[in-house]
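A.B. asks: Provided herewith: my_file-v8.cif, mmCIF, C-alpha atoms.
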data_structure
#
loop_
_atom_site.label_atom_id
_atom_site.label_comp_id
_atom_site.auth_asym_id
_atom_site.auth_seq_id
_atom_site.Cartn_x
_atom_site.Cartn_y
_atom_site.Cartn_z
CA MET D 1 0.00 0.00 0.00
CA SER D 2 1.14 3.56 -0.66
CA GLU D 3 0.42 4.62 2.94
CA SER D 4 0.30 8.31 2.13
CA ILE D 5 -1.09 9.93 5.27
CA PRO D 6 1.28 9.89 8.27
CA PRO D 7 0.37 7.53 11.11
CA PRO D 8 -1.75 9.09 13.86
CA ALA D 9 0.25 10.67 16.65
CA ALA D 10 0.06 9.17 20.11
CA PRO D 11 -2.54 10.77 22.40
CA ALA D 12 -1.42 14.03 23.95
CA PRO D 13 -3.00 16.51 26.36
CA GLU D 14 -5.51 18.95 24.92
CA THR D 15 -4.08 22.08 23.36
CA ALA D 16 -5.13 25.64 24.04
CA HIS D 17 -6.10 26.29 20.42
CA ALA D 18 -7.99 23.75 18.34
CA ARG D 19 -6.26 21.82 15.61
CA PRO D 20 -7.43 22.78 12.09
CA LYS D 21 -9.59 20.31 10.20
CA PHE D 22 -9.16 19.56 6.52
CA ALA D 23 -11.83 19.26 3.83
CA PRO D 24 -13.06 15.72 3.06
CA ASN D 25 -11.06 13.46 0.75
CA ASP D 26 -12.02 13.29 -2.91
CA SER D 27 -11.32 11.12 -5.94
CA PHE D 28 -7.88 12.69 -6.46
CA GLN D 29 -6.52 11.02 -3.35
CA ALA D 30 -7.94 7.62 -4.29
CA VAL D 31 -6.60 7.80 -7.85
CA LEU D 32 -3.13 8.93 -6.79
CA ARG D 33 -2.77 6.26 -4.12
CA ARG D 34 -3.94 3.57 -6.53
CA ARG D 35 -1.43 4.64 -9.18
CA VAL D 36 1.46 4.63 -6.72
CA ASP D 37 0.44 1.16 -5.50
CA GLU D 38 0.29 0.00 -9.12
CA PHE D 39 3.81 1.38 -9.70
CA PHE D 40 5.24 -0.87 -7.00
CA ALA D 41 3.21 -3.87 -8.18
CA ARG D 42 4.29 -3.34 -11.79
CA THR D 43 7.99 -2.79 -11.12
CA GLY D 44 8.38 -5.29 -8.29
CA ARG D 45 10.14 -2.68 -6.17
CA ARG D 46 9.78 -2.61 -2.41
CA PRO D 47 8.63 0.66 -0.79
CA ARG D 48 11.14 0.03 2.01
CA ASP D 49 14.14 -2.23 2.77
CA ASN D 50 16.09 -1.29 -0.35
CA ALA D 51 19.66 -2.49 -0.91
CA SER D 52 20.66 0.90 -2.31
CA MET D 53 19.53 2.54 0.94
CA TYR D 54 21.57 0.11 3.04
CA LEU D 55 24.66 0.83 0.94
CA LYS D 56 24.06 4.55 1.16
CA THR D 57 23.77 4.31 4.94
CA ALA D 58 27.09 2.48 5.19
CA VAL D 59 28.87 5.05 3.02
CA ILE D 60 27.49 8.05 4.96
CA LEU D 61 28.32 6.59 8.37
CA ALA D 62 31.81 5.62 7.21
CA VAL D 63 32.49 9.18 6.02
CA PHE D 64 31.08 10.60 9.26
CA PHE D 65 33.24 8.53 11.60
CA ALA D 66 36.33 8.77 9.40
CA SER D 67 36.11 12.57 9.29
CA TYR D 68 35.55 12.69 13.07
CA VAL D 69 38.65 10.59 13.71
CA ALA D 70 40.66 12.68 11.25
CA LEU D 71 39.54 15.91 12.92
CA VAL D 72 40.06 14.88 16.54
CA PHE D 73 43.09 12.60 16.32
CA PHE D 74 45.03 13.39 13.16
CA ALA D 75 44.51 17.04 12.14
CA ALA D 76 48.01 18.53 12.27
CA ASN D 77 47.18 22.16 11.51
CA ALA D 78 44.31 24.58 10.99
CA TRP D 79 43.87 23.67 7.33
CA HIS D 80 43.58 19.97 8.12
CA ALA D 81 41.05 20.79 10.82
CA LEU D 82 38.96 22.99 8.53
CA ILE D 83 38.82 20.37 5.79
CA ALA D 84 37.97 17.55 8.22
CA GLY D 85 35.40 19.77 9.94
CA LEU D 86 33.79 20.67 6.64
CA VAL D 87 33.47 17.00 5.68
CA LEU D 88 32.20 16.12 9.18
CA GLY D 89 29.51 18.81 9.03
CA GLY D 90 28.46 17.67 5.59
CA ALA D 91 28.32 14.02 6.67
CA ALA D 92 26.21 14.94 9.71
CA GLY D 93 23.82 16.72 7.37
CA LEU D 94 23.66 13.60 5.17
CA ILE D 95 22.76 11.52 8.24
CA GLY D 96 19.91 13.92 8.94
CA PHE D 97 18.66 14.07 5.36
CA ASN D 98 18.92 10.38 4.62
CA ILE D 99 19.16 7.94 7.51
CA GLN D 100 17.29 9.52 10.39
CA HIS D 101 14.70 11.16 8.17
CA ASP D 102 13.59 7.93 6.52
CA GLY D 103 13.72 6.13 9.86
CA SER D 104 11.62 8.71 11.67
CA HIS D 105 8.94 8.43 8.97
CA LEU D 106 8.98 4.60 9.08
CA ALA D 107 10.22 4.69 5.49
CA TYR D 108 13.56 2.97 6.04
CA SER D 109 12.33 -0.56 6.71
CA ASP D 110 9.30 -2.75 7.31
CA HIS D 111 10.96 -3.76 10.59
CA PRO D 112 10.11 -1.33 13.44
CA TRP D 113 13.46 -1.86 15.18
CA MET D 114 15.37 -0.81 12.05
CA ASN D 115 13.28 2.33 11.70
CA LYS D 116 13.89 3.10 15.37
CA LEU D 117 17.63 2.52 15.04
CA SER D 118 17.96 4.68 11.95
CA ALA D 119 15.82 7.42 13.53
CA MET D 120 18.15 7.39 16.54
CA SER D 121 21.01 8.50 14.29
CA MET D 122 19.51 11.95 14.96
CA ASP D 123 20.66 11.58 18.58
CA LEU D 124 24.16 10.81 17.29
CA ILE D 125 24.38 14.24 15.68
CA GLY D 126 23.06 16.02 18.75
CA ALA D 127 19.27 16.36 18.44
CA SER D 128 16.59 14.26 20.10
CA SER D 129 14.87 11.78 17.79
CA TYR D 130 11.91 11.72 20.18
CA LEU D 131 11.35 15.47 20.03
CA TRP D 132 12.03 15.47 16.29
CA HIS D 133 9.07 13.12 15.86
CA TRP D 134 6.71 15.53 17.61
CA LYS D 135 8.13 18.64 15.96
CA HIS D 136 8.45 17.34 12.43
CA VAL D 137 6.25 14.28 11.94
CA ALA D 138 3.34 15.15 14.23
CA SER D 139 3.34 18.94 13.71
CA HIS D 140 4.94 20.00 10.45
CA HIS D 141 3.83 17.10 8.26
CA ILE D 142 0.19 17.47 9.22
CA TYR D 143 -0.15 21.27 9.40
CA VAL D 144 2.31 22.41 6.74
CA ASN D 145 2.74 26.19 6.57
CA ILE D 146 -0.22 26.84 8.88
CA THR D 147 0.95 29.63 11.17
CA ASP D 148 0.86 28.77 14.90
CA HIS D 149 0.43 25.06 14.11
CA ASP D 150 3.49 24.17 12.01
CA ALA D 151 6.52 24.32 14.34
CA ASP D 152 8.94 24.28 11.41
CA VAL D 153 7.88 27.74 10.21
CA ASP D 154 8.26 29.23 13.69
CA LEU D 155 11.89 30.35 13.63
CA GLY D 156 11.57 32.86 16.46
CA ALA D 157 11.26 36.62 16.52
CA PHE D 158 14.22 37.26 14.22
CA ALA D 159 12.59 35.54 11.23
CA ARG D 160 9.31 36.28 9.52
CA VAL D 161 8.67 33.48 7.04
CA THR D 162 4.86 33.49 6.88
CA PRO D 163 2.71 36.53 6.09
CA HIS D 164 0.64 35.90 9.24
CA GLN D 165 3.55 36.36 11.67
CA PRO D 166 4.11 39.73 13.35
CA HIS D 167 6.46 42.21 11.68
CA TYR D 168 9.27 43.88 13.61
CA PHE D 169 11.51 46.69 12.41
CA PHE D 170 14.60 44.48 12.08
CA HIS D 171 12.80 42.20 9.63
CA ARG D 172 13.51 44.84 7.00
CA LEU D 173 16.97 43.28 6.66
CA GLN D 174 16.07 39.64 7.19
CA HIS D 175 16.77 38.67 3.57
CA PHE D 176 20.40 39.54 4.33
CA TYR D 177 21.05 38.42 7.90
CA LEU D 178 18.96 35.24 8.07
CA TRP D 179 21.41 33.28 5.92
CA ALA D 180 24.02 33.66 8.65
CA LEU D 181 21.56 33.04 11.49
CA TYR D 182 20.65 29.70 9.94
CA GLY D 183 24.06 28.55 11.11
CA PHE D 184 23.02 28.97 14.75
CA MET D 185 19.98 26.70 14.39
CA THR D 186 21.90 23.54 15.23
CA ILE D 187 23.75 25.12 18.14
CA ARG D 188 20.44 26.28 19.61
CA TRP D 189 19.04 22.82 19.01
CA HIS D 190 21.94 21.10 20.77
CA LEU D 191 22.32 23.39 23.78
CA TYR D 192 18.86 24.84 24.39
CA GLY D 193 15.98 23.84 22.10
CA ASP D 194 15.58 20.18 23.02
CA PHE D 195 15.80 20.92 26.74
CA ARG D 196 13.37 23.82 26.45
CA ASP D 197 10.83 21.67 24.58
CA LEU D 198 11.21 18.88 27.11
CA VAL D 199 10.40 21.24 29.97
CA ALA D 200 7.66 23.18 28.15
CA ARG D 201 6.06 19.99 26.77
CA GLU D 202 4.71 21.95 23.81
CA ILE D 203 5.80 22.17 20.18
CA GLY D 204 4.10 24.23 17.49
CA GLY D 205 1.31 25.19 19.89
CA HIS D 206 0.47 21.53 20.55
CA PRO D 207 1.30 19.64 23.74
CA PHE D 208 3.10 16.31 23.57
CA PRO D 209 3.78 13.60 26.17
CA ARG D 210 7.13 13.78 27.93
CA PRO D 211 9.42 10.82 27.17
CA ARG D 212 9.33 8.04 29.74
CA GLY D 213 11.05 4.71 30.19
CA LYS D 214 13.03 3.71 27.10
CA GLU D 215 12.32 6.99 25.32
CA LEU D 216 13.73 9.00 28.22
CA ALA D 217 16.73 6.68 28.41
CA VAL D 218 17.40 7.25 24.69
CA PHE D 219 17.11 11.02 25.17
CA ILE D 220 19.61 11.05 28.05
CA ALA D 221 21.98 8.56 26.43
CA GLY D 222 21.87 10.41 23.12
CA LYS D 223 22.77 13.72 24.72
CA ALA D 224 25.54 12.04 26.74
CA VAL D 225 27.07 10.41 23.67
CA PHE D 226 26.89 13.60 21.63
CA PHE D 227 28.44 15.85 24.30
CA THR D 228 31.15 13.25 24.89
CA LEU D 229 32.05 13.12 21.20
CA ALA D 230 31.69 16.87 20.64
CA PHE D 231 33.44 18.18 23.76
CA VAL D 232 34.84 15.64 26.24
CA VAL D 233 37.02 13.52 23.95
CA PRO D 234 38.43 16.47 21.93
CA MET D 235 39.29 18.41 25.10
CA PHE D 236 41.61 15.62 26.20
CA LEU D 237 43.69 16.35 23.10
CA HIS D 238 43.14 20.01 22.25
CA SER D 239 42.71 23.38 23.94
CA TRP D 240 39.18 24.12 25.10
CA TRP D 241 38.89 27.20 22.91
CA LYS D 242 39.92 25.24 19.82
CA VAL D 243 37.30 22.61 20.59
CA LEU D 244 34.57 25.22 21.02
CA LEU D 245 35.64 27.03 17.87
CA MET D 246 35.58 23.85 15.80
CA TYR D 247 32.24 22.82 17.31
CA ALA D 248 30.75 26.16 16.24
CA PHE D 249 32.22 25.71 12.75
CA VAL D 250 30.86 22.19 12.24
CA ALA D 251 27.48 22.94 13.85
CA GLY D 252 27.19 26.09 11.74
CA ILE D 253 27.66 24.09 8.56
CA ILE D 254 24.96 21.64 9.63
CA GLY D 255 22.59 24.46 10.55
CA VAL D 256 22.96 26.31 7.26
CA VAL D 257 22.53 23.19 5.16
CA LEU D 258 19.54 21.83 7.08
CA SER D 259 17.77 25.19 7.25
CA ILE D 260 18.16 26.10 3.61
CA VAL D 261 16.98 22.72 2.34
CA PHE D 262 13.81 23.05 4.42
CA GLN D 263 13.22 26.65 3.38
CA LEU D 264 13.49 25.83 -0.32
CA ALA D 265 10.59 23.40 0.05
CA HIS D 266 8.15 25.58 1.98
CA CYS D 267 9.26 29.20 2.45
CA VAL D 268 9.31 30.37 -1.15
CA GLU D 269 7.10 32.47 -3.38
CA GLU D 270 5.23 29.53 -4.92
CA ALA D 271 4.10 27.96 -1.63
CA ASP D 272 0.77 28.77 0.02
CA PHE D 273 0.39 29.81 3.67
CA PRO D 274 -3.34 29.23 4.27
CA LEU D 275 -5.25 29.72 7.50
CA PRO D 276 -8.33 27.82 8.71
CA ASP D 277 -11.70 29.51 8.48
CA ALA D 278 -12.21 31.63 11.59
CA ALA D 279 -15.73 30.36 12.16
CA THR D 280 -15.35 26.64 11.38
CA ASN D 281 -11.60 26.08 11.92
CA ARG D 282 -11.65 24.16 8.63
CA MET D 283 -9.09 24.41 5.84
CA GLU D 284 -10.26 25.06 2.29
CA ASP D 285 -8.38 22.07 0.81
CA ASN D 286 -8.30 18.42 1.76
CA TRP D 287 -5.11 17.07 3.32
CA MET D 288 -3.41 15.90 0.12
CA VAL D 289 -4.11 19.06 -1.88
CA HIS D 290 -2.97 21.14 1.09
CA GLN D 291 0.37 19.30 1.05
CA ILE D 292 0.82 19.99 -2.67
CA HIS D 293 -0.08 23.68 -2.50
CA THR D 294 2.22 24.37 0.47
CA THR D 295 5.25 22.47 -0.84
CA VAL D 296 7.68 23.00 -3.70
CA ASP D 297 10.05 20.54 -5.40
CA PHE D 298 13.40 21.64 -6.78
CA ALA D 299 16.17 20.19 -8.99
CA ARG D 300 14.12 17.07 -9.74
CA ARG D 301 16.39 16.06 -12.61
CA SER D 302 19.61 16.15 -10.59
CA LYS D 303 20.59 12.67 -9.40
CA LEU D 304 23.39 14.16 -7.30
CA VAL D 305 21.08 16.54 -5.44
CA CYS D 306 18.61 13.72 -4.83
CA TRP D 307 21.33 11.43 -3.47
CA LEU D 308 22.84 14.04 -1.18
CA LEU D 309 19.55 15.41 0.16
CA GLY D 310 17.84 12.09 0.68
CA GLY D 311 15.18 12.96 -1.86
CA LEU D 312 14.18 16.10 0.04
CA ASN D 313 14.24 18.02 -3.22
CA PHE D 314 11.10 15.91 -3.89
CA GLN D 315 9.25 17.39 -0.93
CA VAL D 316 5.83 17.17 -2.58
CA GLU D 317 6.20 13.40 -2.95
CA HIS D 318 7.68 13.06 0.52
CA HIS D 319 4.73 14.87 2.10
CA LEU D 320 2.21 12.78 0.20
CA PHE D 321 3.95 9.45 0.82
CA PRO D 322 6.23 9.89 3.85
CA LYS D 323 6.36 6.14 4.59
CA ILE D 324 7.97 5.32 1.23
CA CYS D 325 11.77 5.31 1.04
CA HIS D 326 13.15 8.38 -0.70
CA VAL D 327 15.01 6.34 -3.36
CA HIS D 328 11.65 5.99 -5.17
CA TYR D 329 10.71 9.69 -5.23
CA PRO D 330 12.05 10.51 -8.72
CA GLU D 331 9.71 7.95 -10.31
CA ILE D 332 6.78 8.71 -8.02
CA SER D 333 7.08 12.42 -8.84
CA LYS D 334 6.15 11.70 -12.45
CA ILE D 335 2.96 9.98 -11.28
CA VAL D 336 2.12 12.84 -8.91
CA GLU D 337 2.72 15.54 -11.52
CA GLU D 338 0.62 13.75 -14.15
CA THR D 339 -2.26 13.14 -11.73
CA CYS D 340 -2.19 16.77 -10.57
CA ARG D 341 -2.38 17.90 -14.18
CA GLU D 342 -5.40 15.69 -14.83
CA PHE D 343 -7.26 17.04 -11.79
CA GLY D 344 -6.27 20.68 -12.35
CA ILE D 345 -4.17 20.90 -9.19
CA ARG D 346 -1.18 23.24 -9.18
CA TYR D 347 2.10 21.32 -8.91
CA ASN D 348 4.95 23.49 -7.63
CA GLU D 349 8.51 23.03 -8.84
CA HIS D 350 11.79 24.90 -9.29
CA LYS D 351 13.85 23.49 -12.13
CA THR D 352 17.17 24.08 -10.36
CA LEU D 353 18.59 24.48 -6.87
CA TRP D 354 19.57 28.05 -7.73
CA ALA D 355 16.01 28.93 -8.72
CA GLY D 356 14.85 27.75 -5.31
CA LEU D 357 17.49 29.84 -3.54
CA VAL D 358 16.47 32.94 -5.47
CA SER D 359 12.80 32.34 -4.69
CA HIS D 360 13.56 31.97 -0.98
CA TYR D 361 15.53 35.23 -1.02
CA ARG D 362 12.66 37.02 -2.74
CA TRP D 363 10.16 35.62 -0.24
CA LEU D 364 12.25 36.83 2.71
CA ARG D 365 12.55 40.24 1.07
CA ARG D 366 8.82 40.39 0.42
CA LEU D 367 8.02 39.56 4.06
CA SER D 368 10.56 42.12 5.25
CA ARG D 369 7.94 44.75 4.43
CA PRO D 370 5.16 45.37 6.99
CA ALA D 371 2.40 45.37 4.38
CA ALA D 372 3.28 41.91 2.99
CA ALA D 373 0.25 39.63 3.12
#
Just give me the structure of the file as structure tokens.
C.D. replies:
Amino acid sequence: MSESIPPPAAPAPETAHARPKFAPNDSFQAVLRRRVDEFFARTGRRPRDNASMYLKTAVILAVFFASYVALVFFAANAWHALIAGLVLGGAAGLIGFNIQHDGSHLAYSDHPWMNKLSAMSMDLIGASSYLWHWKHVASHHIYVNITDHDADVDLGAFARVTPHQPHYFFHRLQHFYLWALYGFMTIRWHLYGDFRDLVAREIGGHPFPRPRGKELAVFIAGKAVFFTLAFVVPMFLHSWWKVLLMYAFVAGIIGVVLSIVFQLAHCVEEADFPLPDAATNRMEDNWMVHQIHTTVDFARRSKLVCWLLGGLNFQVEHHLFPKICHVHYPEISKIVEETCREFGIRYNEHKTLWAGLVSHYRWLRRLSRPAAA
């Protein structure tokens, strides 16, 4: 089965503001799901547990650990450290885009323990896989681009990325300074964000259950492993200030890469930012059409971009079928685009990575003005 809609989130306490409701499903959803199911039946491919994904995982993890060892134990000068740090930051980003992302969406394997293990690679690079589930899977993937419900478009006071967020005077320059601030996202995540969310027990305006038992043990163990690798081990061999400086460098790389890839899919000129009806709290579109109108693909014809980003340049397909491994997105995108055309649904795409970057810059510049709506 295509399994398009994300699995229901575990029960959580009631939230202060009601969750938006989507319009009823229609024939578009049934036709699209059937065609994707027929694709797998016709080709004999498996939606999950793909040999190419296992190989990719091995390569990414090998590069990650090799670059870490090179940086901590063998870097003889600043240039060696910068090169190793650059590769390490890039490899950490690849873990996030590929391994943990598929695992957290149950798209890596049909075996729950393999999905759990791959999702926990997020803890290896410093962020909680448990909190990521509630922030990304249970908030963003359901309420994409809906202000005050999608946690991924709430970047704090310094960024205005939806037209329904308040405007402050410093936003007039956000299309210049935000590119640098993206680098601090990971540092905030590592040192503050996860702990804040754990205490507040709320993400994207929606409460979530605090981790208990095994989940709490994974959270604590993950933070302990990360801080040991990032700070404790290096400080046995290098000056504290060098360790902190290199941590900021590597984390900054991860933050910039992760932030920009997300922004190109949702915070661009072509994406919608709808709000529910004030009287009924209902969205105009059904869930599938909402995903398509609020999401934008980019560089669909680049095999290199697809490999590096874990198929996240096919965000439309990922949002429609999050439980399918990303190695299938290029083929599925053809089915989605054709079906959208038949039903008169706008399919958003940037032909190149550069076009997406330009569109994101223009969107930030547009929202830098108070009157932007």
A.B. asks: List the residues matched by the PyMOL selection byres ((chain D and resi 305-307) around 9) in the displayed structure as a PyMOL selection string, ordered by chain and then by residue number.
C.D. replies: chain D and resi 56+98+299-304+308-314+326-327+329-330+353
A.B. asks: To one decimal in Å, tell me the separation between atom CA of D:Asp297 and atom CA of D:Cys267.
C.D. replies: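 Calculated distance between atom CA of D:Asp297 and atom CA of D:Cys267 is 11.7 Å.
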A.B. asks: Running the PyMOL selection byres ((chain D and resi 272) around 12) on this model by hand, what would come out? Give it as a compact mmCIF listing (two decimals) with C-alpha atoms, keeping the file's coordinate frame.
C.D. replies:
# COMPACT_ATOMS: atom_id res chain seq x y z
CA VAL D 144 2.31 22.41 6.74
CA ASN D 145 2.74 26.19 6.57
CA ILE D 146 -0.22 26.84 8.88
CA THR D 147 0.95 29.63 11.17
CA VAL D 161 8.67 33.48 7.04
CA THR D 162 4.86 33.49 6.88
CA PRO D 163 2.71 36.53 6.09
CA HIS D 164 0.64 35.90 9.24
CA ALA D 265 10.59 23.40 0.05
CA HIS D 266 8.15 25.58 1.98
CA CYS D 267 9.26 29.20 2.45
CA VAL D 268 9.31 30.37 -1.15
CA GLU D 269 7.10 32.47 -3.38
CA GLU D 270 5.23 29.53 -4.92
CA ALA D 271 4.10 27.96 -1.63
CA PHE D 273 0.39 29.81 3.67
CA PRO D 274 -3.34 29.23 4.27
CA LEU D 275 -5.25 29.72 7.50
CA GLU D 284 -10.26 25.06 2.29
CA ASP D 285 -8.38 22.07 0.81
CA VAL D 289 -4.11 19.06 -1.88
CA HIS D 290 -2.97 21.14 1.09
CA GLN D 291 0.37 19.30 1.05
CA ILE D 292 0.82 19.99 -2.67
CA HIS D 293 -0.08 23.68 -2.50
CA THR D 294 2.22 24.37 0.47
CA THR D 295 5.25 22.47 -0.84
CA VAL D 296 7.68 23.00 -3.70
CA ARG D 346 -1.18 23.24 -9.18
CA TYR D 347 2.10 21.32 -8.91
CA ASN D 348 4.95 23.49 -7.63
CA TRP D 363 10.16 35.62 -0.24
CA ALA D 373 0.25 39.63 3.12
A.B. asks: Could you check the closest approach to D:Arg369 for each of D:His140, D:Arg172, D:Arg19, D:Lys135 and tell me which residue wins, using all atoms listed in the file?
C.D. replies: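 Of D:His140, D:Arg172, D:Arg19, D:Lys135, the one nearest D:Arg369, counting all atoms listed in the file, is D:Arg172.
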A.B. asks: May I ask which of the residues D:His238, D:His190, D:Lys116, D:His149 is the closest one to D:Val218, counting only C-alpha atoms?
C.D. replies: D:Lys116
